[in-house]
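The structure appears right after this line, and notes come after that.
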Amino acid sequence: MAKILLLTDFSSGYSRNLLKGIVRYSKEVGNWSFQRMPLYYRMLYGENGVVEWAKKWQADAIIAQLSDVNIELLNDLNIPIIVQNYRDRNKAVSNLTGDYFNTGVMAAKFFLNRGYRNFAFYGFKGAIWSRERADGYSHEIEKQGYKLAVLENDNKDKEEWSYNHTVLGNWLQSLPKPVALFACDDHFALQISETCNVYNINVPDDIAILGVDNDDLLCNISDPPLSSIVLDVENGGYNAGKLLHQLITKEITEPFNIVVNPLIIERRKSTEKYAVSDKNIRTILNYIEKNYANHLSVEELVKQVPLSRRVLEKKFKEETGESLYQYIQNYRIDQFTRLLITTDYSLFEAALQSGFENYKNVSRVFRKYKSLSPAEYRKRYKCNSSVEEIEH
């Protein structure tokens, strides 16, 4: 039986889902023994105490947060180590990391499609997951010719969840409205929501808020509830367990990077508004949102507003950056993706529910967007499905 020492905080939704995936893998190969390092022990005896604890318990492997311990010191134990990276990636160990850059790109595209022209990012200074999410967000926004307002919480390690209401409130009040605000994770998104309530800033009319991790508790104690980017965390934990097993049994010897990918955006009330200036385009966007699963044609959309087809298509492209056809197709692909990983619908039924009448056609289009067939995508990203490979 493998003995795994956990040197990380499993109080967040992200970390709990990560542990679920690790435990799921461990049960497939025979139950592992897990040991959490008592917080008081680290406080009393420091990092050398951690090493002594690992030796005393005869740990076979360690899962740790990079900010918590000295990795070089732990390497002296000569056992596999997987790091949930924090400040940066460490080449000496296996990193449980994320596609942070493309998470930011996903956030930017979401807000751009909703007509926003003012953008802000709120993050934690020094953390790689915050920095690279900001990079992806700003890259996509600046590519479209817009600028990004940034505020970073620069509290010291272990204090990142504390914040100054006055500083944050003054910054939020100074932003041009309406503004699309992307927070580095749900903790930081909740800080924005709470501060908006204190300063009587309307969400989502003045500030639309999007977080990351889809921590159900944090998102739903917010008023209004927070939209958030869903990450492939549980399968990331499963892959980490698989990798750890291969390292313990010496099937592999070199460190790996396990990348947790962004999947979909769980939409809640904090982003329910469109920021387009033209009321007719708002009408069209709302109509698409309510009727995407039905037969939709440009001719039908033209009937909803007092505009010619040519004028409607021109204005729509100006407001959203996409043609009517592209927008509808992208919206349906998003819904189809959601059904693939959150339901047990057959592929044919999921396609119909998303507004696609021809499954062969949606399969071709889906592969163009995701580089995988719908069946391959579901197998890879739906929790409790089998996982066949670890990403380097």
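FYI, nothing fancy with the structure tokens labels: chains A, B, ... in order, residues from 1 per chain, ligands from 1 as they appear.
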
Excluding A:Glu28 and any residue of its chain fewer than 4 positions from it, enumerate the residues within 12 Å of it, using only C-alpha atoms, and give them as number ranges by chain. A: 21-24, 32, 238, 241-242, 245, 384, 386

Taking the chain letters and numbering used in this document, name the residues of stretch 268-388 of chain A that DSSP puts in helix (DSSP H, G or I), as a count of residues only. 79

Select, from A:Tyr369, A:Tyr381, A:Tyr137, A:Tyr325, the residue with the minimum atom-to-atom distance to A:Leu339, counting only C-alpha atoms.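 Closest to A:Leu339 of all the choices is A:Tyr381.
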
Taking the DSSP assignment computed from this structure's backbone, write out as a list of chain:residue names all residues of stretch 18-144 of chain A that belong to strand (DSSP E or B). A:Ser33, A:Phe34, A:Gln35, A:Arg36, A:Ala61, A:Ile62, A:Ile63, A:Ala64, A:Gln65, A:Ile81, A:Ile82, A:Val83, A:Gln84, A:Ser94, A:Asn95, A:Leu96, A:Thr97, A:Gly98, A:Phe119, A:Ala120, A:Phe121, A:Tyr122, A:Gly123, A:Phe124

Non-local contacts of A:Pro80 (8 Å; only C-alpha atoms; under 4 positions in same chain excluded) as a PyMOL selection string: chain A and resi 60-62+93+244+247-248

Skip A:Tyr116 itself and residues of its chain fewer than 4 positions away, then list as JSON, numbers by chain all residues within 8 Å of it, counting only C-alpha atoms. {"A": [111, 112, 178, 179, 180, 274, 275, 276]}

Just write the chosen residues, C-alpha atoms, as a JSON list (two decimals), in the first residue's frame.
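Saved result, selection_6.json, follows:
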[["chain", "number", "residue", "atom", "x", "y", "z"],
["A", 111, "PHE", "CA", -16.77, 39.15, -22.56],
["A", 112, "LEU", "CA", -15.92, 40.38, -26.06],
["A", 178, "PRO", "CA", -19.92, 48.97, -17.93],
["A", 179, "VAL", "CA", -16.77, 46.95, -17.36],
["A", 180, "ALA", "CA", -15.96, 43.25, -17.73],
["A", 274, "TYR", "CA", -24.95, 42.20, -22.54],
["A", 275, "ALA", "CA", -22.96, 45.42, -22.88],
["A", 276, "VAL", "CA", -23.82, 46.21, -26.49]]

Could the residues of stretch 241-342 of chain A that have an atom at most 8 Å from stretch 207-229 of chain A be listed as a Markdown table, each with its closest atom pair and the distance in Å to one decimal, counting only C-alpha atoms and ordered by chain and ascending residue number?
| residue | atom | partner | partner_atom | distance |
| --- | --- | --- | --- | --- |
| A:Pro262 | CA | A:Ile229 | CA | 6.7 |
| A:Leu263 | CA | A:Ile229 | CA | 7.3 |
| A:Ile264 | CA | A:Ile229 | CA | 5.9 |
| A:Ile265 | CA | A:Ile229 | CA | 4.4 |
| A:Glu266 | CA | A:Ser228 | CA | 5.4 |
| A:Arg267 | CA | A:Ser227 | CA | 4.7 |
| A:Arg268 | CA | A:Ser227 | CA | 4.6 |
| A:Lys269 | CA | A:Pro225 | CA | 5.6 |
| A:Ser270 | CA | A:Leu226 | CA | 5.0 |
| A:Thr271 | CA | A:Ala208 | CA | 4.9 |
| A:Glu272 | CA | A:Ala208 | CA | 8.0 |
| A:Lys273 | CA | A:Ala208 | CA | 7.7 |

Written selection (C-alpha atoms) as a PDB file, in the first residue's frame:
ATOM      1  CA  PRO A 262     -10.237  25.175 -18.730  1.00  0.00           C
ATOM      2  CA  LEU A 263     -13.424  23.529 -19.970  1.00  0.00           C
ATOM      3  CA  ILE A 264     -16.531  25.719 -19.932  1.00  0.00           C
ATOM      4  CA  ILE A 265     -17.964  28.820 -18.265  1.00  0.00           C
ATOM      5  CA  GLU A 266     -20.648  28.185 -15.664  1.00  0.00           C
ATOM      6  CA  ARG A 267     -22.894  31.187 -16.226  1.00  0.00           C
ATOM      7  CA  ARG A 268     -24.615  32.792 -13.249  1.00  0.00           C
ATOM      8  CA  LYS A 269     -26.160  36.201 -12.644  1.00  0.00           C
ATOM      9  CA  SER A 270     -22.891  38.135 -12.312  1.00  0.00           C
ATOM     10  CA  THR A 271     -22.485  38.084 -16.121  1.00  0.00           C
ATOM     11  CA  GLU A 272     -26.059  37.857 -17.352  1.00  0.00           C
ATOM     12  CA  LYS A 273     -26.119  41.262 -19.070  1.00  0.00           C
TER      13      LYS A 273
END

Interatomic distance, atom CA of A:Phe182 to atom CA of A:Glu313 (Å, one decimal): 28.8 Å

Contacts of A:Gln335 within 12 Å, only C-alpha atoms, excl. fewer than 6 positions in-chain, as a CSV table (one decimal) with C-alpha atoms, in the first residue's frame:
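File written: part-v2.csv
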chain,number,residue,atom,x,y,z
A,263,LEU,CA,-13.4,23.5,-20.0
A,264,ILE,CA,-16.5,25.7,-19.9
A,265,ILE,CA,-18.0,28.8,-18.3
A,266,GLU,CA,-20.6,28.2,-15.7
A,267,ARG,CA,-22.9,31.2,-16.2
A,289,GLU,CA,-29.9,32.8,-25.9
A,292,TYR,CA,-30.5,28.5,-29.7
A,293,ALA,CA,-31.9,25.0,-29.3
A,328,ILE,CA,-24.9,31.2,-33.3
A,329,GLN,CA,-22.5,28.3,-34.1
A,341,ILE,CA,-19.2,16.8,-19.8
A,342,THR,CA,-22.1,17.4,-17.4
A,343,THR,CA,-24.8,14.9,-18.7
A,350,ALA,CA,-26.7,16.3,-26.9
A,351,ALA,CA,-26.4,17.6,-30.4
A,352,LEU,CA,-30.2,18.0,-30.8
A,353,GLN,CA,-30.5,19.8,-27.4
A,354,SER,CA,-27.8,22.2,-28.6
A,355,GLY,CA,-29.6,23.1,-31.8
A,356,PHE,CA,-27.7,20.9,-34.2
A,362,VAL,CA,-21.7,19.0,-35.4
A,366,PHE,CA,-16.6,20.3,-33.0

What lies within 8 Å of A:Leu151 using only C-alpha atoms, ignoring chain neighbours under 6 positions off, as an NGL selection string? :A and (121-123 or 171)

Export of the given selection (N, CA, C and O atoms) as an mmCIF file, in the first residue's frame:
data_model
loop_
_atom_site.group_PDB
_atom_site.id
_atom_site.type_symbol
_atom_site.label_atom_id
_atom_site.label_comp_id
_atom_site.auth_asym_id
_atom_site.auth_seq_id
_atom_site.Cartn_x
_atom_site.Cartn_y
_atom_site.Cartn_z
ATOM 1 N N PHE A 121 -8.815 43.472 -14.647
ATOM 2 C CA PHE A 121 -8.351 42.206 -14.056
ATOM 3 C C PHE A 121 -7.932 42.464 -12.624
ATOM 4 O O PHE A 121 -7.226 43.425 -12.328
ATOM 5 N N TYR A 122 -8.381 41.566 -11.725
ATOM 6 C CA TYR A 122 -8.012 41.641 -10.316
ATOM 7 C C TYR A 122 -7.321 40.340 -9.940
ATOM 8 O O TYR A 122 -7.898 39.262 -10.092
ATOM 9 N N GLY A 123 -6.059 40.440 -9.484
ATOM 10 C CA GLY A 123 -5.301 39.230 -9.234
ATOM 11 C C GLY A 123 -4.409 39.307 -8.009
ATOM 12 O O GLY A 123 -4.450 40.274 -7.246
ATOM 13 N N TRP A 171 -10.773 51.713 -6.543
ATOM 14 C CA TRP A 171 -10.400 51.249 -7.884
ATOM 15 C C TRP A 171 -11.640 50.893 -8.694
ATOM 16 O O TRP A 171 -11.770 51.286 -9.860
#

Give me the stretch 137-242 of chain A side of the contact with stretch 95-100 of chain A, cut-off 10 Å, one line per residue showing its nearest atom pair and distance in Å at one decimal, counting only C-alpha atoms, sorted by chain and residue number, as a tab-separated table.
residue	atom	partner	partner_atom	distance
A:Tyr137	CA	A:Tyr100	CA	9.8
A:Cys184	CA	A:Tyr100	CA	9.5
A:Leu231	CA	A:Gly98	CA	8.8
A:Asp232	CA	A:Gly98	CA	9.3
A:Val233	CA	A:Gly98	CA	9.2
A:Gly236	CA	A:Leu96	CA	7.7
A:Gly237	CA	A:Leu96	CA	8.4
A:Asn239	CA	A:Leu96	CA	9.4
A:Ala240	CA	A:Leu96	CA	7.2

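Distances to A:Lys91 were evaluated for A:Glu72, A:Arg42, A:Ile284, A:Arg364 using only C-alpha atoms, and the minimum falls at A:Glu72.
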
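Proximity ranking of A:Val260, A:His139, A:Val50, A:Leu44 relative to A:Tyr14 places A:Val260 first, based on only C-alpha atoms.
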